>>> print(open('final_15.txt').read())   # compact mmCIF, N, CA and C atoms
# COMPACT_ATOMS: atom_id res chain seq x y z
N MET A 30 -3.23 51.71 -109.09
CA MET A 30 -2.77 50.99 -107.95
C MET A 30 -3.92 50.66 -107.03
N SER A 31 -3.76 49.63 -106.32
CA SER A 31 -4.80 49.20 -105.40
C SER A 31 -4.55 49.77 -104.02
N ASP A 32 -5.64 50.13 -103.34
CA ASP A 32 -5.52 50.66 -101.98
C ASP A 32 -5.77 49.58 -100.94
N LYS A 33 -5.60 48.33 -101.31
CA LYS A 33 -5.84 47.24 -100.37
C LYS A 33 -4.71 47.18 -99.35
N LYS A 34 -5.11 46.98 -98.09
CA LYS A 34 -4.13 46.80 -97.04
C LYS A 34 -3.79 45.31 -96.96
N PRO A 35 -2.58 45.00 -96.53
CA PRO A 35 -2.27 43.58 -96.35
C PRO A 35 -3.15 42.99 -95.27
N GLN A 36 -3.55 41.75 -95.48
CA GLN A 36 -4.45 41.10 -94.54
C GLN A 36 -3.72 40.77 -93.24
N ASP A 37 -4.39 41.01 -92.13
CA ASP A 37 -3.84 40.72 -90.81
C ASP A 37 -4.22 39.29 -90.44
N TRP A 38 -3.20 38.42 -90.36
CA TRP A 38 -3.43 37.00 -90.10
C TRP A 38 -3.43 36.69 -88.60
N SER A 39 -3.07 37.61 -87.77
CA SER A 39 -2.94 37.32 -86.34
C SER A 39 -4.26 36.86 -85.73
N SER A 40 -5.38 37.44 -86.18
CA SER A 40 -6.67 37.02 -85.62
C SER A 40 -7.00 35.59 -86.05
N HIS A 41 -6.61 35.22 -87.26
CA HIS A 41 -6.86 33.85 -87.73
C HIS A 41 -6.03 32.86 -86.92
N PHE A 42 -4.76 33.20 -86.68
CA PHE A 42 -3.91 32.30 -85.91
C PHE A 42 -4.39 32.19 -84.47
N GLY A 43 -4.91 33.28 -83.92
CA GLY A 43 -5.45 33.24 -82.57
C GLY A 43 -6.66 32.34 -82.49
N GLN A 44 -7.53 32.40 -83.50
CA GLN A 44 -8.69 31.53 -83.54
C GLN A 44 -8.27 30.07 -83.60
N LEU A 45 -7.30 29.75 -84.45
CA LEU A 45 -6.82 28.37 -84.57
C LEU A 45 -6.22 27.87 -83.26
N ALA A 46 -5.50 28.73 -82.56
CA ALA A 46 -4.90 28.34 -81.29
C ALA A 46 -5.97 28.05 -80.26
N ARG A 47 -7.03 28.87 -80.21
CA ARG A 47 -8.11 28.63 -79.26
C ARG A 47 -8.85 27.34 -79.58
N LEU A 48 -9.05 27.05 -80.85
CA LEU A 48 -9.71 25.80 -81.23
C LEU A 48 -8.85 24.60 -80.88
N ALA A 49 -7.55 24.71 -81.06
CA ALA A 49 -6.65 23.60 -80.76
C ALA A 49 -6.67 23.29 -79.27
N ASP A 50 -6.83 24.31 -78.42
CA ASP A 50 -6.86 24.08 -76.98
C ASP A 50 -8.12 23.32 -76.58
N LYS A 51 -9.22 23.50 -77.30
CA LYS A 51 -10.48 22.85 -76.95
C LYS A 51 -10.62 21.45 -77.55
N ARG A 52 -9.76 21.14 -78.51
CA ARG A 52 -9.86 19.85 -79.21
C ARG A 52 -9.47 18.72 -78.27
N PRO A 53 -10.28 17.65 -78.22
CA PRO A 53 -9.91 16.52 -77.36
C PRO A 53 -8.69 15.79 -77.96
N MET A 54 -7.76 15.44 -77.08
CA MET A 54 -6.55 14.76 -77.53
C MET A 54 -6.82 13.26 -77.64
N ALA A 55 -6.27 12.65 -78.65
CA ALA A 55 -6.40 11.21 -78.81
C ALA A 55 -5.53 10.52 -77.76
N PRO A 56 -5.99 9.42 -77.19
CA PRO A 56 -5.19 8.74 -76.17
C PRO A 56 -3.92 8.17 -76.81
N GLN A 57 -2.82 8.26 -76.06
CA GLN A 57 -1.54 7.74 -76.55
C GLN A 57 -1.52 6.23 -76.36
N LEU A 58 -1.36 5.52 -77.45
CA LEU A 58 -1.26 4.07 -77.39
C LEU A 58 0.18 3.69 -77.09
N PRO A 59 0.39 2.61 -76.34
CA PRO A 59 1.76 2.18 -76.10
C PRO A 59 2.41 1.77 -77.42
N ARG A 60 3.65 2.19 -77.60
CA ARG A 60 4.35 1.89 -78.84
C ARG A 60 5.05 0.55 -78.74
N PHE A 61 5.13 -0.15 -79.86
CA PHE A 61 5.80 -1.44 -79.92
C PHE A 61 6.99 -1.33 -80.87
N ASN A 62 8.16 -1.65 -80.39
CA ASN A 62 9.36 -1.63 -81.20
C ASN A 62 9.75 -3.08 -81.50
N PRO A 63 9.62 -3.53 -82.75
CA PRO A 63 9.95 -4.92 -83.06
C PRO A 63 11.45 -5.21 -83.02
N ARG A 64 12.27 -4.17 -82.97
CA ARG A 64 13.73 -4.35 -82.91
C ARG A 64 14.32 -3.52 -81.77
N PRO A 65 14.08 -3.94 -80.53
CA PRO A 65 14.59 -3.16 -79.42
C PRO A 65 16.12 -3.16 -79.38
N ALA A 66 16.67 -2.09 -78.88
CA ALA A 66 18.12 -1.98 -78.80
C ALA A 66 18.67 -2.98 -77.80
N GLY A 67 19.85 -3.52 -78.12
CA GLY A 67 20.51 -4.43 -77.20
C GLY A 67 20.11 -5.88 -77.34
N ILE A 68 19.29 -6.19 -78.31
CA ILE A 68 18.85 -7.57 -78.52
C ILE A 68 19.54 -8.12 -79.77
N THR A 69 20.13 -9.31 -79.64
CA THR A 69 20.73 -9.98 -80.79
C THR A 69 19.64 -10.79 -81.47
N ARG A 70 19.34 -10.43 -82.69
CA ARG A 70 18.26 -11.10 -83.42
C ARG A 70 18.75 -12.38 -84.09
N PRO A 71 17.93 -13.41 -84.13
CA PRO A 71 18.32 -14.65 -84.80
C PRO A 71 18.62 -14.39 -86.28
N GLY A 72 19.72 -14.95 -86.76
CA GLY A 72 20.10 -14.80 -88.16
C GLY A 72 20.86 -13.53 -88.46
N SER A 73 21.13 -12.72 -87.44
CA SER A 73 21.82 -11.46 -87.66
C SER A 73 23.33 -11.68 -87.79
N ALA A 74 24.01 -10.66 -88.29
CA ALA A 74 25.47 -10.72 -88.39
C ALA A 74 26.08 -10.83 -87.00
N THR A 75 25.48 -10.16 -86.03
CA THR A 75 25.99 -10.23 -84.66
C THR A 75 25.95 -11.66 -84.15
N GLN A 76 24.86 -12.35 -84.41
CA GLN A 76 24.75 -13.75 -83.98
C GLN A 76 25.78 -14.62 -84.71
N ALA A 77 25.99 -14.38 -85.99
CA ALA A 77 26.95 -15.17 -86.75
C ALA A 77 28.37 -14.96 -86.25
N VAL A 78 28.73 -13.71 -85.96
CA VAL A 78 30.07 -13.41 -85.44
C VAL A 78 30.25 -14.04 -84.07
N LEU A 79 29.27 -13.90 -83.21
CA LEU A 79 29.36 -14.46 -81.87
C LEU A 79 29.47 -15.99 -81.93
N ALA A 80 28.69 -16.62 -82.79
CA ALA A 80 28.75 -18.08 -82.92
C ALA A 80 30.14 -18.53 -83.40
N LEU A 81 30.72 -17.81 -84.35
CA LEU A 81 32.05 -18.14 -84.84
C LEU A 81 33.08 -18.06 -83.73
N LEU A 82 33.04 -16.98 -82.97
CA LEU A 82 34.03 -16.80 -81.91
C LEU A 82 33.80 -17.76 -80.75
N GLN A 83 32.56 -18.09 -80.45
CA GLN A 83 32.27 -19.06 -79.39
C GLN A 83 32.70 -20.47 -79.78
N ALA A 84 32.60 -20.78 -81.07
CA ALA A 84 33.00 -22.11 -81.54
C ALA A 84 34.52 -22.29 -81.55
N ASN A 85 35.25 -21.19 -81.46
CA ASN A 85 36.72 -21.23 -81.50
C ASN A 85 37.31 -20.45 -80.33
N PRO A 86 37.07 -20.88 -79.08
CA PRO A 86 37.59 -20.13 -77.94
C PRO A 86 39.13 -20.18 -77.94
N GLY A 87 39.72 -19.08 -77.59
CA GLY A 87 41.18 -19.02 -77.53
C GLY A 87 41.84 -18.69 -78.86
N ARG A 88 41.08 -18.69 -79.95
CA ARG A 88 41.64 -18.37 -81.26
C ARG A 88 41.32 -16.92 -81.58
N TRP A 89 42.27 -16.24 -82.21
CA TRP A 89 42.11 -14.83 -82.58
C TRP A 89 41.87 -14.73 -84.08
N PHE A 90 40.88 -13.94 -84.45
CA PHE A 90 40.51 -13.75 -85.86
C PHE A 90 40.71 -12.30 -86.26
N SER A 91 41.17 -12.10 -87.48
CA SER A 91 41.21 -10.75 -88.04
C SER A 91 39.82 -10.40 -88.58
N HIS A 92 39.60 -9.14 -88.86
CA HIS A 92 38.32 -8.70 -89.43
C HIS A 92 38.04 -9.44 -90.74
N PHE A 93 39.06 -9.53 -91.58
CA PHE A 93 38.90 -10.20 -92.87
C PHE A 93 38.49 -11.67 -92.69
N GLN A 94 39.11 -12.36 -91.73
CA GLN A 94 38.78 -13.76 -91.49
C GLN A 94 37.34 -13.92 -91.01
N ILE A 95 36.88 -12.98 -90.19
CA ILE A 95 35.49 -13.05 -89.71
C ILE A 95 34.53 -12.82 -90.86
N VAL A 96 34.82 -11.85 -91.72
CA VAL A 96 33.97 -11.58 -92.89
C VAL A 96 33.89 -12.82 -93.78
N GLN A 97 35.03 -13.45 -94.03
CA GLN A 97 35.05 -14.64 -94.88
C GLN A 97 34.30 -15.81 -94.23
N ALA A 98 34.51 -16.03 -92.95
CA ALA A 98 33.90 -17.17 -92.26
C ALA A 98 32.40 -17.03 -92.09
N THR A 99 31.93 -15.81 -91.91
CA THR A 99 30.49 -15.61 -91.68
C THR A 99 29.72 -15.31 -92.96
N ALA A 100 30.44 -15.01 -94.05
CA ALA A 100 29.80 -14.65 -95.33
C ALA A 100 28.87 -13.45 -95.17
N ARG A 101 29.27 -12.49 -94.33
CA ARG A 101 28.52 -11.25 -94.13
C ARG A 101 29.30 -10.09 -94.73
N THR A 102 28.65 -8.97 -94.88
CA THR A 102 29.34 -7.80 -95.43
C THR A 102 30.31 -7.24 -94.39
N SER A 103 31.27 -6.51 -94.89
CA SER A 103 32.27 -5.90 -94.01
C SER A 103 31.61 -4.95 -93.02
N LYS A 104 30.67 -4.16 -93.48
CA LYS A 104 30.00 -3.19 -92.60
C LYS A 104 29.16 -3.86 -91.52
N SER A 105 28.47 -4.95 -91.87
CA SER A 105 27.66 -5.63 -90.85
C SER A 105 28.56 -6.28 -89.80
N VAL A 106 29.71 -6.79 -90.22
CA VAL A 106 30.67 -7.36 -89.26
C VAL A 106 31.25 -6.24 -88.38
N ASP A 107 31.52 -5.07 -88.97
CA ASP A 107 32.00 -3.93 -88.19
C ASP A 107 31.04 -3.61 -87.05
N TRP A 108 29.75 -3.47 -87.38
CA TRP A 108 28.75 -3.14 -86.37
C TRP A 108 28.63 -4.27 -85.35
N ALA A 109 28.68 -5.50 -85.79
CA ALA A 109 28.58 -6.63 -84.87
C ALA A 109 29.74 -6.63 -83.88
N LEU A 110 30.95 -6.38 -84.38
CA LEU A 110 32.12 -6.35 -83.50
C LEU A 110 32.03 -5.20 -82.50
N LEU A 111 31.59 -4.04 -82.94
CA LEU A 111 31.41 -2.91 -82.03
C LEU A 111 30.39 -3.22 -80.94
N PHE A 112 29.28 -3.80 -81.33
CA PHE A 112 28.21 -4.14 -80.39
C PHE A 112 28.67 -5.19 -79.39
N LEU A 113 29.30 -6.26 -79.88
CA LEU A 113 29.74 -7.34 -79.00
C LEU A 113 30.85 -6.88 -78.06
N LYS A 114 31.72 -6.02 -78.55
CA LYS A 114 32.79 -5.50 -77.70
C LYS A 114 32.21 -4.60 -76.62
N ALA A 115 31.24 -3.77 -76.96
CA ALA A 115 30.60 -2.89 -75.98
C ALA A 115 29.87 -3.68 -74.90
N ARG A 116 29.34 -4.84 -75.24
CA ARG A 116 28.65 -5.69 -74.27
C ARG A 116 29.61 -6.57 -73.48
N GLY A 117 30.89 -6.54 -73.85
CA GLY A 117 31.88 -7.32 -73.13
C GLY A 117 31.91 -8.79 -73.49
N LEU A 118 31.31 -9.16 -74.62
CA LEU A 118 31.27 -10.56 -75.03
C LEU A 118 32.52 -10.98 -75.81
N ILE A 119 33.20 -10.00 -76.40
CA ILE A 119 34.43 -10.30 -77.11
C ILE A 119 35.52 -9.35 -76.65
N GLU A 120 36.76 -9.70 -76.96
CA GLU A 120 37.88 -8.82 -76.67
C GLU A 120 38.72 -8.67 -77.92
N SER A 121 39.50 -7.61 -77.95
CA SER A 121 40.34 -7.35 -79.12
C SER A 121 41.75 -7.03 -78.67
N THR A 122 42.68 -7.25 -79.58
CA THR A 122 44.08 -6.91 -79.34
C THR A 122 44.68 -6.46 -80.66
N LYS A 123 45.77 -5.73 -80.56
CA LYS A 123 46.44 -5.27 -81.79
C LYS A 123 47.08 -6.46 -82.49
N ASP A 124 47.05 -6.41 -83.80
CA ASP A 124 47.71 -7.43 -84.61
C ASP A 124 49.19 -7.07 -84.68
N GLU A 125 50.03 -7.89 -84.09
CA GLU A 125 51.45 -7.55 -83.99
C GLU A 125 52.17 -7.55 -85.33
N TRP A 126 51.61 -8.14 -86.36
CA TRP A 126 52.27 -8.19 -87.67
C TRP A 126 51.84 -7.07 -88.59
N ARG A 127 50.82 -6.32 -88.19
CA ARG A 127 50.30 -5.27 -89.05
C ARG A 127 50.30 -3.94 -88.31
N ASN A 128 49.79 -2.93 -88.97
CA ASN A 128 49.68 -1.61 -88.36
C ASN A 128 48.81 -1.71 -87.11
N SER A 129 49.05 -0.84 -86.14
CA SER A 129 48.36 -0.91 -84.85
C SER A 129 46.85 -0.66 -84.97
N ARG A 130 46.39 -0.11 -86.07
CA ARG A 130 44.94 0.11 -86.20
C ARG A 130 44.20 -1.19 -86.52
N TYR A 131 44.92 -2.23 -86.94
CA TYR A 131 44.30 -3.52 -87.23
C TYR A 131 44.20 -4.34 -85.95
N LEU A 132 43.04 -4.89 -85.71
CA LEU A 132 42.80 -5.64 -84.49
C LEU A 132 42.49 -7.10 -84.80
N LYS A 133 42.68 -7.93 -83.78
CA LYS A 133 42.25 -9.33 -83.82
C LYS A 133 41.19 -9.48 -82.74
N TYR A 134 40.26 -10.39 -82.96
CA TYR A 134 39.14 -10.54 -82.05
C TYR A 134 39.02 -11.98 -81.58
N SER A 135 38.58 -12.14 -80.33
CA SER A 135 38.36 -13.46 -79.74
C SER A 135 37.21 -13.34 -78.75
N ILE A 136 36.65 -14.50 -78.39
CA ILE A 136 35.59 -14.49 -77.39
C ILE A 136 36.21 -14.10 -76.06
N ALA A 137 35.49 -13.34 -75.26
CA ALA A 137 36.00 -12.90 -73.96
C ALA A 137 36.15 -14.11 -73.04
N LYS A 138 37.10 -14.05 -72.15
CA LYS A 138 37.33 -15.15 -71.21
C LYS A 138 36.09 -15.36 -70.37
N GLY A 139 35.69 -16.62 -70.27
CA GLY A 139 34.49 -16.95 -69.50
C GLY A 139 33.21 -16.83 -70.29
N LYS A 140 33.28 -16.43 -71.56
CA LYS A 140 32.07 -16.26 -72.38
C LYS A 140 31.98 -17.31 -73.48
N GLY A 141 32.86 -18.30 -73.48
CA GLY A 141 32.94 -19.27 -74.58
C GLY A 141 31.68 -20.06 -74.83
N ALA A 142 31.01 -20.50 -73.77
CA ALA A 142 29.82 -21.33 -73.95
C ALA A 142 28.54 -20.57 -73.71
N ALA A 143 28.64 -19.32 -73.28
CA ALA A 143 27.43 -18.54 -72.94
C ALA A 143 26.81 -17.96 -74.19
N GLY A 144 25.49 -17.84 -74.18
CA GLY A 144 24.77 -17.19 -75.28
C GLY A 144 24.61 -15.72 -75.00
N PRO A 145 24.09 -14.97 -75.97
CA PRO A 145 23.89 -13.52 -75.77
C PRO A 145 22.78 -13.22 -74.80
>>> encode(input="final_15.txt", output="structure tokens")
Amino acid sequence: MSDKKPQDWSSHFGQLARLADKRPMAPQLPRFNPRPAGITRPGSATQAVLALLQANPGRWFSHFQIVQATARTSKSVDWALLFLKARGLIESTKDEWRNSRYLKYSIAKGKGAAGP
């Protein structure tokens, strides 16, 4: 059997900590986010949904009709509707012919000709 003691690493970690304190920090550069939150990007599903609803003020669309008219995926239309509703650009109501979880969407009153 070997009579070696386990190595004590605490002195090594202490040395590393002291060196880290003396190391000059690199200056923080300002970060650039090419997709900031709250911005409707050209060509996005949000823009397509908003354009459809603005072109048809006073008309109510089901989710399926919006997906078909915009040729976007169901999930991208879901996110677009959530975003536009949170910003107050569209409004929703229950579809009286279907289950209450199904909604119809229209441009919000006074938002028909306005852009995002």
>>> closest_atom_pairs(input="final_15.txt", of="region 44-100 of chain A", to="region 131-139 of chain A", cutoff="5 Å", atoms="all atoms listed in the file", output="JSON lines")
{"residue": "A:Leu82", "atom": "C", "partner": "A:Ile136", "partner_atom": "N", "distance": 4.9}
{"residue": "A:Arg88", "atom": "C", "partner": "A:Ser135", "partner_atom": "CA", "distance": 4.9}
{"residue": "A:Trp89", "atom": "CA", "partner": "A:Tyr134", "partner_atom": "C", "distance": 4.3}
{"residue": "A:Phe90", "atom": "C", "partner": "A:Tyr134", "partner_atom": "N", "distance": 3.8}
{"residue": "A:Ser91", "atom": "CA", "partner": "A:Lys133", "partner_atom": "CA", "distance": 4.6}
>>> atom_distance(input="final_15.txt", atom1="CA of Arg70 (chain A)", atom2="CA of Gly87 (chain A)")
25.0 Å
>>> residues_around(input="final_15.txt", residues="Val106 (chain A)", least_positions_apart="3", cutoff="7 Å", atoms="all atoms listed in the file", output="list in words")
Ala74, Thr75, Ile95, Val96, Arg101, Thr102, Ser103, Ala109, Leu110 and Leu111 of chain A
>>> write_last_selection(input="final_15.txt", atoms="N, CA and C atoms", output="compact mmCIF listing (two decimals), keeping the file's coordinate frame")
# COMPACT_ATOMS: atom_id res chain seq x y z
N ALA A 74 24.01 -10.66 -88.29
CA ALA A 74 25.47 -10.72 -88.39
C ALA A 74 26.08 -10.83 -87.00
N THR A 75 25.48 -10.16 -86.03
CA THR A 75 25.99 -10.23 -84.66
C THR A 75 25.95 -11.66 -84.15
N ILE A 95 36.88 -12.98 -90.19
CA ILE A 95 35.49 -13.05 -89.71
C ILE A 95 34.53 -12.82 -90.86
N VAL A 96 34.82 -11.85 -91.72
CA VAL A 96 33.97 -11.58 -92.89
C VAL A 96 33.89 -12.82 -93.78
N ARG A 101 29.27 -12.49 -94.33
CA ARG A 101 28.52 -11.25 -94.13
C ARG A 101 29.30 -10.09 -94.73
N THR A 102 28.65 -8.97 -94.88
CA THR A 102 29.34 -7.80 -95.43
C THR A 102 30.31 -7.24 -94.39
N SER A 103 31.27 -6.51 -94.89
CA SER A 103 32.27 -5.90 -94.01
C SER A 103 31.61 -4.95 -93.02
N ALA A 109 28.68 -5.50 -85.79
CA ALA A 109 28.58 -6.63 -84.87
C ALA A 109 29.74 -6.63 -83.88
N LEU A 110 30.95 -6.38 -84.38
CA LEU A 110 32.12 -6.35 -83.50
C LEU A 110 32.03 -5.20 -82.50
N LEU A 111 31.59 -4.04 -82.94
CA LEU A 111 31.41 -2.91 -82.03
C LEU A 111 30.39 -3.22 -80.94
>>> atom_distance(input="final_15.txt", atom1="atom N of Pro56 (chain A)", atom2="atom C of Gln44 (chain A)")
21.7 Å
>>> atom_distance(input="final_15.txt", atom1="atom C of Pro53 (chain A)", atom2="atom C of Ser40 (chain A)")
21.5 Å
>>> select_by_dssp(input="final_15.txt", residues="chain A", states="strand (DSSP E or B)", output="PyMOL selection string")
chain A and resi 90-91+119-123+132-136
>>> closest_residue(input="final_15.txt", among="A:Phe42, A:Pro63, A:Gly117, A:Leu58", to="Leu79 (chain A)", atoms="only C-alpha atoms")
A:Gly117
>>> closest_residue(input="final_15.txt", among="A:Leu118, A:Phe61, A:Leu48, A:Asp124", to="Ala80 (chain A)", atoms="only C-alpha atoms")
A:Leu118
>>> select_by_dssp(input="final_15.txt", residues="chain A", states="alpha helix (DSSP H)", output="PyMOL selection string")
chain A and resi 39-51+74-84+92-99+103-115
